[in-house]
Every structure is written in C-alpha cells, then in structure tokens.
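See below for structure_27.tsv, which holds TSV, N, CA, C and O atoms.
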```
chain	number	residue	atom	x	y	z
A	1	MET	N	31.67	66.48	-21.75
A	1	MET	CA	30.96	65.81	-20.68
A	1	MET	C	30.55	66.87	-19.65
A	1	MET	O	31.40	67.50	-19.04
A	2	PRO	N	29.25	67.07	-19.47
A	2	PRO	CA	28.81	68.09	-18.53
A	2	PRO	C	29.07	67.66	-17.08
A	2	PRO	O	29.10	66.49	-16.77
A	3	GLY	N	29.24	68.65	-16.25
A	3	GLY	CA	29.47	68.38	-14.83
A	3	GLY	C	28.21	68.64	-14.03
A	3	GLY	O	27.10	68.55	-14.55
A	4	ILE	N	28.40	68.95	-12.79
A	4	ILE	CA	27.28	69.23	-11.90
A	4	ILE	C	27.24	70.71	-11.60
A	4	ILE	O	28.18	71.45	-11.88
A	5	ASP	N	26.16	71.13	-10.97
A	5	ASP	CA	26.07	72.51	-10.49
A	5	ASP	C	26.83	72.58	-9.17
A	5	ASP	O	26.40	72.00	-8.16
A	6	LEU	N	27.95	73.25	-9.19
A	6	LEU	CA	28.79	73.33	-8.00
A	6	LEU	C	28.16	74.16	-6.89
A	6	LEU	O	28.62	74.10	-5.74
A	7	ASP	N	27.13	74.91	-7.20
A	7	ASP	CA	26.50	75.75	-6.20
A	7	ASP	C	25.30	75.08	-5.54
A	7	ASP	O	24.49	75.72	-4.87
A	8	ARG	N	25.21	73.79	-5.71
A	8	ARG	CA	24.18	72.98	-5.03
A	8	ARG	C	24.86	72.04	-4.04
A	8	ARG	O	26.04	71.80	-4.10
A	9	ALA	N	24.05	71.50	-3.14
A	9	ALA	CA	24.56	70.57	-2.13
A	9	ALA	C	24.48	69.14	-2.65
A	9	ALA	O	23.46	68.73	-3.21
A	10	TRP	N	25.56	68.38	-2.49
A	10	TRP	CA	25.65	66.99	-2.95
A	10	TRP	C	26.17	66.13	-1.82
A	10	TRP	O	26.79	66.62	-0.88
A	11	ASP	N	25.93	64.83	-1.93
A	11	ASP	CA	26.42	63.89	-0.92
A	11	ASP	C	26.60	62.53	-1.56
A	11	ASP	O	26.05	62.26	-2.64
A	12	LEU	N	27.32	61.67	-0.88
A	12	LEU	CA	27.40	60.28	-1.33
A	12	LEU	C	26.03	59.64	-1.24
A	12	LEU	O	25.27	59.92	-0.30
A	13	HIS	N	25.71	58.79	-2.18
A	13	HIS	CA	24.48	58.01	-2.08
A	13	HIS	C	24.58	57.16	-0.81
A	13	HIS	O	25.67	56.68	-0.48
A	14	PRO	N	23.49	56.98	-0.08
A	14	PRO	CA	23.56	56.21	1.18
A	14	PRO	C	24.04	54.77	1.00
A	14	PRO	O	24.50	54.16	1.96
A	15	GLN	N	23.95	54.23	-0.21
A	15	GLN	CA	24.38	52.85	-0.44
A	15	GLN	C	25.80	52.75	-1.00
A	15	GLN	O	26.21	51.69	-1.46
A	16	VAL	N	26.55	53.86	-0.92
A	16	VAL	CA	27.91	53.86	-1.44
A	16	VAL	C	28.91	53.77	-0.30
A	16	VAL	O	28.81	54.48	0.70
A	17	SER	N	29.87	52.88	-0.49
A	17	SER	CA	30.96	52.71	0.46
A	17	SER	C	32.25	53.22	-0.19
A	17	SER	O	32.48	53.00	-1.37
A	18	VAL	N	33.07	53.90	0.62
A	18	VAL	CA	34.34	54.45	0.14
A	18	VAL	C	35.48	53.69	0.82
A	18	VAL	O	35.50	53.59	2.05
A	19	ARG	N	36.38	53.16	0.00
A	19	ARG	CA	37.55	52.48	0.55
A	19	ARG	C	38.81	53.20	0.06
A	19	ARG	O	39.15	53.11	-1.13
A	20	PRO	N	39.48	53.93	0.94
A	20	PRO	CA	40.71	54.62	0.54
A	20	PRO	C	41.78	53.61	0.08
A	20	PRO	O	41.87	52.51	0.64
A	21	GLU	N	42.53	53.98	-0.91
A	21	GLU	CA	43.61	53.17	-1.46
A	21	GLU	C	44.81	54.09	-1.69
A	21	GLU	O	44.65	55.31	-1.75
A	22	PRO	N	46.00	53.53	-1.85
A	22	PRO	CA	47.17	54.38	-2.10
A	22	PRO	C	47.02	55.27	-3.34
A	22	PRO	O	47.55	56.38	-3.37
A	23	PHE	N	46.28	54.81	-4.34
A	23	PHE	CA	46.11	55.58	-5.57
A	23	PHE	C	44.97	56.58	-5.49
A	23	PHE	O	44.81	57.42	-6.35
A	24	GLY	N	44.13	56.49	-4.47
A	24	GLY	CA	42.94	57.34	-4.34
A	24	GLY	C	41.89	56.61	-3.53
A	24	GLY	O	41.98	56.55	-2.31
A	25	ALA	N	40.90	56.00	-4.23
A	25	ALA	CA	39.86	55.27	-3.51
A	25	ALA	C	39.03	54.43	-4.46
A	25	ALA	O	38.98	54.68	-5.67
A	26	LEU	N	38.35	53.46	-3.87
A	26	LEU	CA	37.33	52.69	-4.57
A	26	LEU	C	35.99	53.08	-3.99
A	26	LEU	O	35.83	53.19	-2.77
A	27	LEU	N	35.02	53.32	-4.86
A	27	LEU	CA	33.65	53.59	-4.43
A	27	LEU	C	32.81	52.43	-4.93
A	27	LEU	O	32.87	52.07	-6.11
A	28	TYR	N	32.04	51.82	-4.04
A	28	TYR	CA	31.18	50.70	-4.43
A	28	TYR	C	29.75	51.04	-4.06
A	28	TYR	O	29.46	51.41	-2.92
A	29	HIS	N	28.85	50.91	-5.03
A	29	HIS	CA	27.43	51.16	-4.81
A	29	HIS	C	26.74	49.81	-4.60
A	29	HIS	O	26.69	48.99	-5.52
A	30	PHE	N	26.26	49.55	-3.41
A	30	PHE	CA	25.66	48.27	-3.08
A	30	PHE	C	24.32	48.04	-3.80
A	30	PHE	O	23.92	46.90	-4.01
A	31	GLY	N	23.66	49.11	-4.20
A	31	GLY	CA	22.38	48.97	-4.91
A	31	GLY	C	22.55	48.63	-6.38
A	31	GLY	O	21.87	47.75	-6.91
A	32	THR	N	23.48	49.30	-7.03
A	32	THR	CA	23.67	49.10	-8.46
A	32	THR	C	24.82	48.14	-8.77
A	32	THR	O	24.98	47.73	-9.92
A	33	ARG	N	25.62	47.84	-7.75
A	33	ARG	CA	26.82	47.00	-7.88
A	33	ARG	C	27.89	47.63	-8.77
A	33	ARG	O	28.74	46.95	-9.30
A	34	LYS	N	27.83	48.95	-8.91
A	34	LYS	CA	28.84	49.65	-9.70
A	34	LYS	C	30.05	49.96	-8.83
A	34	LYS	O	29.92	50.23	-7.64
A	35	LEU	N	31.20	49.94	-9.48
A	35	LEU	CA	32.46	50.26	-8.83
A	35	LEU	C	33.08	51.44	-9.57
A	35	LEU	O	33.12	51.46	-10.79
A	36	SER	N	33.54	52.43	-8.81
A	36	SER	CA	34.23	53.57	-9.40
A	36	SER	C	35.58	53.73	-8.73
A	36	SER	O	35.73	53.48	-7.53
A	37	PHE	N	36.56	54.13	-9.52
A	37	PHE	CA	37.90	54.37	-9.03
A	37	PHE	C	38.15	55.87	-8.99
A	37	PHE	O	37.90	56.56	-9.98
A	38	LEU	N	38.62	56.36	-7.87
A	38	LEU	CA	39.07	57.75	-7.78
A	38	LEU	C	40.58	57.70	-7.80
A	38	LEU	O	41.20	57.15	-6.88
A	39	LYS	N	41.17	58.26	-8.83
A	39	LYS	CA	42.62	58.21	-8.98
A	39	LYS	C	43.29	59.52	-8.57
A	39	LYS	O	44.42	59.79	-8.95
A	40	ASP	N	42.58	60.29	-7.80
A	40	ASP	CA	43.05	61.60	-7.37
A	40	ASP	C	42.71	61.77	-5.90
A	40	ASP	O	41.53	61.76	-5.52
A	41	ARG	N	43.73	61.87	-5.06
A	41	ARG	CA	43.50	61.98	-3.60
A	41	ARG	C	42.71	63.24	-3.25
A	41	ARG	O	41.91	63.24	-2.32
A	42	ARG	N	42.91	64.30	-4.01
A	42	ARG	CA	42.17	65.54	-3.73
A	42	ARG	C	40.69	65.34	-4.06
A	42	ARG	O	39.82	65.85	-3.34
A	43	LEU	N	40.39	64.59	-5.11
A	43	LEU	CA	38.99	64.30	-5.43
A	43	LEU	C	38.37	63.48	-4.30
A	43	LEU	O	37.21	63.71	-3.93
A	44	LEU	N	39.12	62.57	-3.73
A	44	LEU	CA	38.64	61.82	-2.57
A	44	LEU	C	38.32	62.78	-1.43
A	44	LEU	O	37.27	62.65	-0.78
A	45	ASP	N	39.18	63.75	-1.19
A	45	ASP	CA	38.92	64.74	-0.14
A	45	ASP	C	37.63	65.52	-0.43
A	45	ASP	O	36.84	65.79	0.48
A	46	VAL	N	37.41	65.86	-1.69
A	46	VAL	CA	36.18	66.58	-2.08
A	46	VAL	C	34.98	65.70	-1.79
A	46	VAL	O	34.01	66.12	-1.14
A	47	VAL	N	35.02	64.45	-2.26
A	47	VAL	CA	33.88	63.53	-2.08
A	47	VAL	C	33.58	63.33	-0.60
A	47	VAL	O	32.42	63.35	-0.18
A	48	ARG	N	34.63	63.17	0.20
A	48	ARG	CA	34.43	62.97	1.64
A	48	ARG	C	33.83	64.20	2.33
A	48	ARG	O	33.13	64.07	3.33
A	49	SER	N	34.11	65.38	1.82
A	49	SER	CA	33.62	66.59	2.49
A	49	SER	C	32.29	67.10	1.95
A	49	SER	O	31.74	68.06	2.49
A	50	LEU	N	31.75	66.47	0.92
A	50	LEU	CA	30.49	66.94	0.34
A	50	LEU	C	29.36	66.98	1.36
A	50	LEU	O	28.56	67.92	1.37
A	51	GLY	N	29.26	65.98	2.21
A	51	GLY	CA	28.16	65.90	3.17
A	51	GLY	C	28.16	67.01	4.21
A	51	GLY	O	27.11	67.36	4.74
A	52	ASP	N	29.33	67.58	4.48
A	52	ASP	CA	29.44	68.64	5.48
A	52	ASP	C	29.44	70.04	4.87
A	52	ASP	O	29.29	71.02	5.59
A	53	ALA	N	29.64	70.12	3.57
A	53	ALA	CA	29.74	71.42	2.91
A	53	ALA	C	28.37	71.86	2.38
A	53	ALA	O	27.60	71.04	1.90
A	54	PRO	N	28.08	73.15	2.45
A	54	PRO	CA	26.78	73.63	1.94
A	54	PRO	C	26.67	73.51	0.42
A	54	PRO	O	25.56	73.38	-0.09
A	55	THR	N	27.80	73.51	-0.29
A	55	THR	CA	27.78	73.36	-1.75
A	55	THR	C	29.01	72.56	-2.17
A	55	THR	O	29.99	72.46	-1.43
A	56	ALA	N	28.95	72.03	-3.38
A	56	ALA	CA	30.11	71.32	-3.93
A	56	ALA	C	31.28	72.27	-4.12
A	56	ALA	O	32.44	71.89	-3.94
A	57	ARG	N	30.99	73.50	-4.47
A	57	ARG	CA	32.06	74.50	-4.64
A	57	ARG	C	32.82	74.69	-3.33
A	57	ARG	O	34.05	74.76	-3.31
A	58	GLU	N	32.10	74.73	-2.22
A	58	GLU	CA	32.75	74.90	-0.91
A	58	GLU	C	33.51	73.64	-0.51
A	58	GLU	O	34.56	73.72	0.13
A	59	ALA	N	33.01	72.47	-0.91
A	59	ALA	CA	33.74	71.22	-0.65
A	59	ALA	C	35.05	71.22	-1.43
A	59	ALA	O	36.09	70.80	-0.91
A	60	CYS	N	35.01	71.70	-2.65
A	60	CYS	CA	36.24	71.81	-3.46
A	60	CYS	C	37.23	72.78	-2.81
A	60	CYS	O	38.42	72.48	-2.71
A	61	ALA	N	36.73	73.92	-2.36
A	61	ALA	CA	37.59	74.91	-1.73
A	61	ALA	C	38.22	74.34	-0.46
A	61	ALA	O	39.41	74.52	-0.20
A	62	ALA	N	37.41	73.61	0.33
A	62	ALA	CA	37.92	73.03	1.57
A	62	ALA	C	39.01	71.98	1.29
A	62	ALA	O	39.92	71.80	2.10
A	63	ALA	N	38.92	71.32	0.15
A	63	ALA	CA	39.91	70.31	-0.22
A	63	ALA	C	41.13	70.93	-0.89
A	63	ALA	O	42.07	70.22	-1.25
A	64	GLY	N	41.11	72.24	-1.09
A	64	GLY	CA	42.25	72.92	-1.69
A	64	GLY	C	42.29	72.90	-3.20
A	64	GLY	O	43.35	73.07	-3.79
A	65	VAL	N	41.14	72.69	-3.83
A	65	VAL	CA	41.09	72.70	-5.30
A	65	VAL	C	41.21	74.14	-5.78
A	65	VAL	O	40.39	74.99	-5.42
A	66	PRO	N	42.23	74.44	-6.59
A	66	PRO	CA	42.37	75.81	-7.10
A	66	PRO	C	41.27	76.14	-8.12
A	66	PRO	O	40.74	75.25	-8.79
A	67	GLU	N	40.92	77.39	-8.19
A	67	GLU	CA	39.88	77.87	-9.12
A	67	GLU	C	40.16	77.39	-10.55
A	67	GLU	O	39.24	77.03	-11.27
A	68	SER	N	41.42	77.34	-10.92
A	68	SER	CA	41.78	76.93	-12.28
A	68	SER	C	41.48	75.46	-12.57
A	68	SER	O	41.38	75.06	-13.73
A	69	ASP	N	41.29	74.64	-11.53
A	69	ASP	CA	40.99	73.21	-11.70
A	69	ASP	C	39.51	72.87	-11.49
A	69	ASP	O	39.13	71.70	-11.59
A	70	LEU	N	38.69	73.86	-11.18
A	70	LEU	CA	37.29	73.59	-10.87
A	70	LEU	C	36.54	72.89	-12.00
A	70	LEU	O	35.73	72.01	-11.75
A	71	ALA	N	36.81	73.24	-13.24
A	71	ALA	CA	36.10	72.61	-14.37
A	71	ALA	C	36.38	71.11	-14.40
A	71	ALA	O	35.47	70.31	-14.65
A	72	ARG	N	37.62	70.73	-14.15
A	72	ARG	CA	37.98	69.31	-14.15
A	72	ARG	C	37.28	68.56	-13.01
A	72	ARG	O	36.77	67.46	-13.19
A	73	TYR	N	37.23	69.16	-11.84
A	73	TYR	CA	36.56	68.53	-10.70
A	73	TYR	C	35.05	68.51	-10.90
A	73	TYR	O	34.38	67.55	-10.52
A	74	ARG	N	34.52	69.54	-11.50
A	74	ARG	CA	33.08	69.58	-11.81
A	74	ARG	C	32.72	68.42	-12.74
A	74	ARG	O	31.72	67.73	-12.55
A	75	ALA	N	33.54	68.17	-13.74
A	75	ALA	CA	33.31	67.06	-14.67
A	75	ALA	C	33.42	65.71	-13.96
A	75	ALA	O	32.59	64.81	-14.17
A	76	ALA	N	34.42	65.56	-13.09
A	76	ALA	CA	34.60	64.30	-12.36
A	76	ALA	C	33.41	64.04	-11.43
A	76	ALA	O	32.90	62.92	-11.36
A	77	LEU	N	32.95	65.07	-10.74
A	77	LEU	CA	31.78	64.91	-9.87
A	77	LEU	C	30.53	64.60	-10.68
A	77	LEU	O	29.68	63.80	-10.26
A	78	GLY	N	30.41	65.19	-11.87
A	78	GLY	CA	29.29	64.89	-12.75
A	78	GLY	C	29.28	63.43	-13.16
A	78	GLY	O	28.21	62.80	-13.24
A	79	THR	N	30.44	62.86	-13.41
A	79	THR	CA	30.53	61.43	-13.73
A	79	THR	C	30.04	60.59	-12.56
A	79	THR	O	29.32	59.60	-12.75
A	80	LEU	N	30.39	60.99	-11.35
A	80	LEU	CA	29.93	60.25	-10.16
A	80	LEU	C	28.42	60.38	-9.96
A	80	LEU	O	27.77	59.45	-9.50
A	81	VAL	N	27.85	61.51	-10.34
A	81	VAL	CA	26.40	61.68	-10.26
A	81	VAL	C	25.72	60.75	-11.27
A	81	VAL	O	24.76	60.05	-10.95
A	82	ARG	N	26.23	60.74	-12.50
A	82	ARG	CA	25.62	59.89	-13.54
A	82	ARG	C	25.73	58.41	-13.21
A	82	ARG	O	24.90	57.62	-13.65
A	83	SER	N	26.72	58.02	-12.42
A	83	SER	CA	26.84	56.62	-12.03
A	83	SER	C	26.16	56.34	-10.69
A	83	SER	O	26.34	55.28	-10.11
A	84	SER	N	25.39	57.31	-10.20
A	84	SER	CA	24.59	57.19	-8.97
A	84	SER	C	25.44	57.09	-7.71
A	84	SER	O	24.94	56.65	-6.67
A	85	MET	N	26.70	57.49	-7.77
A	85	MET	CA	27.54	57.47	-6.56
A	85	MET	C	27.25	58.70	-5.70
A	85	MET	O	27.35	58.62	-4.47
A	86	LEU	N	26.88	59.80	-6.35
A	86	LEU	CA	26.53	61.03	-5.64
A	86	LEU	C	25.08	61.38	-5.91
A	86	LEU	O	24.57	61.09	-7.00
A	87	VAL	N	24.45	61.99	-4.94
A	87	VAL	CA	23.06	62.45	-5.09
A	87	VAL	C	22.97	63.88	-4.58
A	87	VAL	O	23.74	64.30	-3.71
A	88	GLU	N	22.03	64.61	-5.16
A	88	GLU	CA	21.82	65.98	-4.69
A	88	GLU	C	21.16	65.94	-3.34
A	88	GLU	O	20.23	65.15	-3.10
A	89	ARG	N	21.65	66.77	-2.44
A	89	ARG	CA	21.09	66.88	-1.10
A	89	ARG	C	19.99	67.93	-1.14
A	89	ARG	O	20.20	69.03	-1.63
A	90	THR	N	18.83	67.61	-0.64
A	90	THR	CA	17.73	68.56	-0.62
A	90	THR	C	17.47	68.99	0.83
A	90	THR	O	17.66	68.21	1.75
A	91	PRO	N	17.03	70.25	0.98
A	91	PRO	CA	16.80	70.74	2.34
A	91	PRO	C	15.64	70.06	3.03
A	91	PRO	O	14.82	69.44	2.50
```

Translate this structure into structure tokens?
Amino acid sequence: MPGIDLDRAWDLHPQVSVRPEPFGALLYHFGTRKLSFLKDRRLLDVVRSLGDAPTAREACAAAGVPESDLARYRAALGTLVRSSMLVERTP
C-alpha cells in the first residue's frame, strides 16, 4: 500500500471533524460520510499538526515519530489521503 510524499504539505480536509477518544480518534468526513478510526495516539498528533507543519515529515518529527517508523506512518497517512480525510496543501 503506497503512502504519501512526506516532503509535501498536507492538511485535514475542511469537511473533516476529529473527535479524540481514549483509543486514538474518530475522523468523520461530512461530505463523503466516511468514518475513519485512528488507533494510534501518535498518529493523531501527526494529523493534528499537519496544518502547522511545512511538510508531513516535519509533522511526524514534531509528534516524535522515530525515523524507523516513518514508513508505517507514511502508509497510514496515505490511507487517509485515499479516503479523502487529508488533502495536499498548495501554496
């Protein structure tokens, strides 16, 4: 499963709501009515910081994702892109 380009800027889709939960979070897209579960609190931290970070790689670093786990987070973010929860931020 391919991931995203970590050296690009990404953000939550404007129609996505994030609800933190003890297990991670629920993401709901009001446009597509899709629901996604984040079962990793660190992934939630990455998703929350995407809008402020210049790149997804920097959002991962800010959330404390070790270099050895980047491939796994890249794949998880790619899944969120394919489900329209994340969109690429353009200048």

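In this model, the gap between CA of Ile4 (chain A) and CA of Phe37 (chain A) comes to 18.5 Å.
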
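Each of A:Glu88, A:Arg33, A:Tyr73, A:Gly64 was compared to His13 (chain A) using all atoms listed in the file, and A:Glu88 turns out to be the nearest.
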
For CA of Pro66 (chain A) and atom N of Leu35 (chain A), determine how far apart the two atoms are, in Å to one decimal place. 28.3 Å

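A distance cut-off of 6 Å around (34.3, 70.3, 2.8), counting all atoms listed in the file, selects these protein and nucleic acid residues: Asp45, Val46, Ser49, Leu50, Asp52, Ala53, Glu58, Ala59, Cys60, Ala62 and Ala63 of chain A.
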
CA of Ser17 (chain A) to CA of Ser68 (chain A): how many Å, to one decimal? 29.4 Å

Set the distance at 6 Å and use all atoms listed in the file: which residues neighbour Val16 (chain A) once local chain neighbours fewer than 6 positions away are removed? I'd like the list as an mmCIF file with N, CA, C and O atoms, keeping the file's coordinate frame.
```
data_model
loop_
_atom_site.group_PDB
_atom_site.id
_atom_site.type_symbol
_atom_site.label_atom_id
_atom_site.label_comp_id
_atom_site.auth_asym_id
_atom_site.auth_seq_id
_atom_site.Cartn_x
_atom_site.Cartn_y
_atom_site.Cartn_z
ATOM 1 N N TYR A 28 32.040 51.820 -4.040
ATOM 2 C CA TYR A 28 31.180 50.700 -4.430
ATOM 3 C C TYR A 28 29.750 51.040 -4.060
ATOM 4 O O TYR A 28 29.460 51.410 -2.920
ATOM 5 N N HIS A 29 28.850 50.910 -5.030
ATOM 6 C CA HIS A 29 27.430 51.160 -4.810
ATOM 7 C C HIS A 29 26.740 49.810 -4.600
ATOM 8 O O HIS A 29 26.690 48.990 -5.520
ATOM 9 N N PHE A 30 26.260 49.550 -3.410
ATOM 10 C CA PHE A 30 25.660 48.270 -3.080
ATOM 11 C C PHE A 30 24.320 48.040 -3.800
ATOM 12 O O PHE A 30 23.920 46.900 -4.010
ATOM 13 N N MET A 85 26.700 57.490 -7.770
ATOM 14 C CA MET A 85 27.540 57.470 -6.560
ATOM 15 C C MET A 85 27.250 58.700 -5.700
ATOM 16 O O MET A 85 27.350 58.620 -4.470
#
```

Which residue gives the smallest distance to Leu6 (chain A) among A:Val65, A:Thr32, A:Leu77, A:Ala56, with only N, CA, C and O atoms counted? A:Ala56

Enumerate the residues of chain A with a DSSP assignment of alpha helix (DSSP H), computed from the backbone, and present them as an mmCIF file with N, CA, C and O atoms, in the coordinates of the input.
```cif
data_model
loop_
_atom_site.group_PDB
_atom_site.id
_atom_site.type_symbol
_atom_site.label_atom_id
_atom_site.label_comp_id
_atom_site.auth_asym_id
_atom_site.auth_seq_id
_atom_site.Cartn_x
_atom_site.Cartn_y
_atom_site.Cartn_z
ATOM 1 N N ARG A 41 43.730 61.870 -5.060
ATOM 2 C CA ARG A 41 43.500 61.980 -3.600
ATOM 3 C C ARG A 41 42.710 63.240 -3.250
ATOM 4 O O ARG A 41 41.910 63.240 -2.320
ATOM 5 N N ARG A 42 42.910 64.300 -4.010
ATOM 6 C CA ARG A 42 42.170 65.540 -3.730
ATOM 7 C C ARG A 42 40.690 65.340 -4.060
ATOM 8 O O ARG A 42 39.820 65.850 -3.340
ATOM 9 N N LEU A 43 40.390 64.590 -5.110
ATOM 10 C CA LEU A 43 38.990 64.300 -5.430
ATOM 11 C C LEU A 43 38.370 63.480 -4.300
ATOM 12 O O LEU A 43 37.210 63.710 -3.930
ATOM 13 N N LEU A 44 39.120 62.570 -3.730
ATOM 14 C CA LEU A 44 38.640 61.820 -2.570
ATOM 15 C C LEU A 44 38.320 62.780 -1.430
ATOM 16 O O LEU A 44 37.270 62.650 -0.780
ATOM 17 N N ASP A 45 39.180 63.750 -1.190
ATOM 18 C CA ASP A 45 38.920 64.740 -0.140
ATOM 19 C C ASP A 45 37.630 65.520 -0.430
ATOM 20 O O ASP A 45 36.840 65.790 0.480
ATOM 21 N N VAL A 46 37.410 65.860 -1.690
ATOM 22 C CA VAL A 46 36.180 66.580 -2.080
ATOM 23 C C VAL A 46 34.980 65.700 -1.790
ATOM 24 O O VAL A 46 34.010 66.120 -1.140
ATOM 25 N N VAL A 47 35.020 64.450 -2.260
ATOM 26 C CA VAL A 47 33.880 63.530 -2.080
ATOM 27 C C VAL A 47 33.580 63.330 -0.600
ATOM 28 O O VAL A 47 32.420 63.350 -0.180
ATOM 29 N N ARG A 48 34.630 63.170 0.200
ATOM 30 C CA ARG A 48 34.430 62.970 1.640
ATOM 31 C C ARG A 48 33.830 64.200 2.330
ATOM 32 O O ARG A 48 33.130 64.070 3.330
ATOM 33 N N SER A 49 34.110 65.380 1.820
ATOM 34 C CA SER A 49 33.620 66.590 2.490
ATOM 35 C C SER A 49 32.290 67.100 1.950
ATOM 36 O O SER A 49 31.740 68.060 2.490
ATOM 37 N N ALA A 56 28.950 72.030 -3.380
ATOM 38 C CA ALA A 56 30.110 71.320 -3.930
ATOM 39 C C ALA A 56 31.280 72.270 -4.120
ATOM 40 O O ALA A 56 32.440 71.890 -3.940
ATOM 41 N N ARG A 57 30.990 73.500 -4.470
ATOM 42 C CA ARG A 57 32.060 74.500 -4.640
ATOM 43 C C ARG A 57 32.820 74.690 -3.330
ATOM 44 O O ARG A 57 34.050 74.760 -3.310
ATOM 45 N N GLU A 58 32.100 74.730 -2.220
ATOM 46 C CA GLU A 58 32.750 74.900 -0.910
ATOM 47 C C GLU A 58 33.510 73.640 -0.510
ATOM 48 O O GLU A 58 34.560 73.720 0.130
ATOM 49 N N ALA A 59 33.010 72.470 -0.910
ATOM 50 C CA ALA A 59 33.740 71.220 -0.650
ATOM 51 C C ALA A 59 35.050 71.220 -1.430
ATOM 52 O O ALA A 59 36.090 70.800 -0.910
ATOM 53 N N CYS A 60 35.010 71.700 -2.650
ATOM 54 C CA CYS A 60 36.240 71.810 -3.460
ATOM 55 C C CYS A 60 37.230 72.780 -2.810
ATOM 56 O O CYS A 60 38.420 72.480 -2.710
ATOM 57 N N ALA A 61 36.730 73.920 -2.360
ATOM 58 C CA ALA A 61 37.590 74.910 -1.730
ATOM 59 C C ALA A 61 38.220 74.340 -0.460
ATOM 60 O O ALA A 61 39.410 74.520 -0.200
ATOM 61 N N ALA A 62 37.410 73.610 0.330
ATOM 62 C CA ALA A 62 37.920 73.030 1.570
ATOM 63 C C ALA A 62 39.010 71.980 1.290
ATOM 64 O O ALA A 62 39.920 71.800 2.100
ATOM 65 N N LEU A 70 38.690 73.860 -11.180
ATOM 66 C CA LEU A 70 37.290 73.590 -10.870
ATOM 67 C C LEU A 70 36.540 72.890 -12.000
ATOM 68 O O LEU A 70 35.730 72.010 -11.750
ATOM 69 N N ALA A 71 36.810 73.240 -13.240
ATOM 70 C CA ALA A 71 36.100 72.610 -14.370
ATOM 71 C C ALA A 71 36.380 71.110 -14.400
ATOM 72 O O ALA A 71 35.470 70.310 -14.650
ATOM 73 N N ARG A 72 37.620 70.730 -14.150
ATOM 74 C CA ARG A 72 37.980 69.310 -14.150
ATOM 75 C C ARG A 72 37.280 68.560 -13.010
ATOM 76 O O ARG A 72 36.770 67.460 -13.190
ATOM 77 N N TYR A 73 37.230 69.160 -11.840
ATOM 78 C CA TYR A 73 36.560 68.530 -10.700
ATOM 79 C C TYR A 73 35.050 68.510 -10.900
ATOM 80 O O TYR A 73 34.380 67.550 -10.520
ATOM 81 N N ARG A 74 34.520 69.540 -11.500
ATOM 82 C CA ARG A 74 33.080 69.580 -11.810
ATOM 83 C C ARG A 74 32.720 68.420 -12.740
ATOM 84 O O ARG A 74 31.720 67.730 -12.550
ATOM 85 N N ALA A 75 33.540 68.170 -13.740
ATOM 86 C CA ALA A 75 33.310 67.060 -14.670
ATOM 87 C C ALA A 75 33.420 65.710 -13.960
ATOM 88 O O ALA A 75 32.590 64.810 -14.170
ATOM 89 N N ALA A 76 34.420 65.560 -13.090
ATOM 90 C CA ALA A 76 34.600 64.300 -12.360
ATOM 91 C C ALA A 76 33.410 64.040 -11.430
ATOM 92 O O ALA A 76 32.900 62.920 -11.360
ATOM 93 N N LEU A 77 32.950 65.070 -10.740
ATOM 94 C CA LEU A 77 31.780 64.910 -9.870
ATOM 95 C C LEU A 77 30.530 64.600 -10.680
ATOM 96 O O LEU A 77 29.680 63.800 -10.260
ATOM 97 N N GLY A 78 30.410 65.190 -11.870
ATOM 98 C CA GLY A 78 29.290 64.890 -12.750
ATOM 99 C C GLY A 78 29.280 63.430 -13.160
ATOM 100 O O GLY A 78 28.210 62.800 -13.240
ATOM 101 N N THR A 79 30.440 62.860 -13.410
ATOM 102 C CA THR A 79 30.530 61.430 -13.730
ATOM 103 C C THR A 79 30.040 60.590 -12.560
ATOM 104 O O THR A 79 29.320 59.600 -12.750
ATOM 105 N N LEU A 80 30.390 60.990 -11.350
ATOM 106 C CA LEU A 80 29.930 60.250 -10.160
ATOM 107 C C LEU A 80 28.420 60.380 -9.960
ATOM 108 O O LEU A 80 27.770 59.450 -9.500
ATOM 109 N N VAL A 81 27.850 61.510 -10.340
ATOM 110 C CA VAL A 81 26.400 61.680 -10.260
ATOM 111 C C VAL A 81 25.720 60.750 -11.270
ATOM 112 O O VAL A 81 24.760 60.050 -10.950
ATOM 113 N N ARG A 82 26.230 60.740 -12.500
ATOM 114 C CA ARG A 82 25.620 59.890 -13.540
ATOM 115 C C ARG A 82 25.730 58.410 -13.210
ATOM 116 O O ARG A 82 24.900 57.620 -13.650
#
```

Nearby residues (only N, CA, C and O atoms) at most 6 Å from Ala75 (chain A), same-chain spacing under 2 positions excluded, as an NGL selection string: :A and (1-4 or 70-73 or 77-80)
